[in-house]
Amino acid sequence: MEDSFKYSFGVDEETSTLAASAVSVESQVVVHVAVWSDESVNLRIWGSTYLFDTHSGHHSKLVHFENISLAPDWTSIKSALPFNFTLIFEGLPKSCIQFDLIEIGLGEGCFEFKNIMRNQSDVYYVESNANY
């Protein structure tokens, strides 16, 4: 009865599979980034920044950012104090236990944070030095 009820509304197997996989992905992932610099520098984030599950082919797209410019624009930061910004990504699969944050952009200076261990809150804090 239950299957016939479901299929009477035209839900095919592919749609059911897609819906089931969507349910297996959790809420958004928030990454707070602190960037240190010995001198004034310019920063930006590329829209092609992703979280990559290190144990599957899944990647989560950047969906929102705060306090940093999106390429091609730049944000100027002053030296001595950390500059903080926030990145928000699509959710990761429930099975994910470790991931990489990788910014794919043109030129040097793209962010890369490897082997971030997953936590229950899906809120993370990472640091980088802009003088590399």
# chains A, B, ... in the order shown; residues from 1 in each chain; ligands from 1
>>> residues_around(residues="A:Glu66", least_positions_apart="3", cutoff="9 Å", atoms="only C-alpha atoms", output="MDAnalysis selection string")
chainID A and resid 69 85:88
>>> write_last_selection(atoms="N, CA and C atoms", output="compact mmCIF listing (two decimals), in the first residue's frame")
# COMPACT_ATOMS: atom_id res chain seq x y z
N SER A 69 35.92 40.25 0.04
CA SER A 69 35.42 40.51 -1.32
C SER A 69 35.48 39.25 -2.16
N PHE A 85 37.18 36.64 8.43
CA PHE A 85 36.03 36.57 7.54
C PHE A 85 35.39 35.21 7.68
N THR A 86 34.19 35.09 7.15
CA THR A 86 33.42 33.85 7.31
C THR A 86 32.98 33.34 5.94
N LEU A 87 33.08 32.03 5.77
CA LEU A 87 32.64 31.35 4.55
C LEU A 87 31.57 30.34 4.93
N ILE A 88 30.50 30.29 4.14
CA ILE A 88 29.42 29.34 4.39
C ILE A 88 29.27 28.46 3.16
>>> residues_around(residues="stretch 117-120 of chain A", least_positions_apart="3", cutoff="7 Å", atoms="only C-alpha atoms", output="count of residues only")
3
>>> closest_residue(among="A:Ile45, A:Cys96, A:Ile102, A:Leu51", to="A:Pro72", atoms="only C-alpha atoms")
A:Ile45
>>> closest_residue(among="A:Ser128, A:Ser121, A:Ser76, A:Ser48", to="A:His64", atoms="only C-alpha atoms")
A:Ser48
>>> closest_residue(among="A:Ile77, A:Val126, A:Ile68, A:Leu62", to="A:Lys114", atoms="only C-alpha atoms")
A:Val126
>>> residues_around(residues="A:Arg44", least_positions_apart="2", cutoff="8 Å", atoms="only C-alpha atoms", output="ChimeraX atom specification")
/A:42,46,68-75
>>> write_last_selection(atoms="N, CA and C atoms", output="short mmCIF file (atom, residue, chain, number, x, y, z; two decimals), in the first residue's frame")
data_model
loop_
_atom_site.label_atom_id
_atom_site.label_comp_id
_atom_site.auth_asym_id
_atom_site.auth_seq_id
_atom_site.Cartn_x
_atom_site.Cartn_y
_atom_site.Cartn_z
N ASN A 42 46.19 42.62 0.22
CA ASN A 42 44.84 42.55 -0.32
C ASN A 42 44.41 41.09 -0.38
N TRP A 46 37.59 33.43 -4.14
CA TRP A 46 37.03 33.02 -5.43
C TRP A 46 35.74 32.24 -5.17
N ILE A 68 34.68 39.69 3.33
CA ILE A 68 35.75 39.54 2.33
C ILE A 68 35.12 39.74 0.96
N SER A 69 35.92 40.25 0.04
CA SER A 69 35.42 40.51 -1.32
C SER A 69 35.48 39.25 -2.16
N LEU A 70 34.55 39.18 -3.09
CA LEU A 70 34.54 38.09 -4.07
C LEU A 70 35.37 38.54 -5.27
N ALA A 71 36.26 37.66 -5.75
CA ALA A 71 37.08 37.97 -6.91
C ALA A 71 36.17 38.40 -8.07
N PRO A 72 36.50 39.42 -8.78
CA PRO A 72 37.81 40.05 -8.93
C PRO A 72 38.07 41.22 -7.98
N ASP A 73 37.14 41.56 -7.10
CA ASP A 73 37.35 42.67 -6.15
C ASP A 73 38.31 42.25 -5.04
N TRP A 74 38.85 43.24 -4.34
CA TRP A 74 39.83 43.00 -3.28
C TRP A 74 39.40 43.65 -1.99
N THR A 75 39.81 43.07 -0.86
CA THR A 75 39.65 43.65 0.47
C THR A 75 41.05 43.93 1.00
#
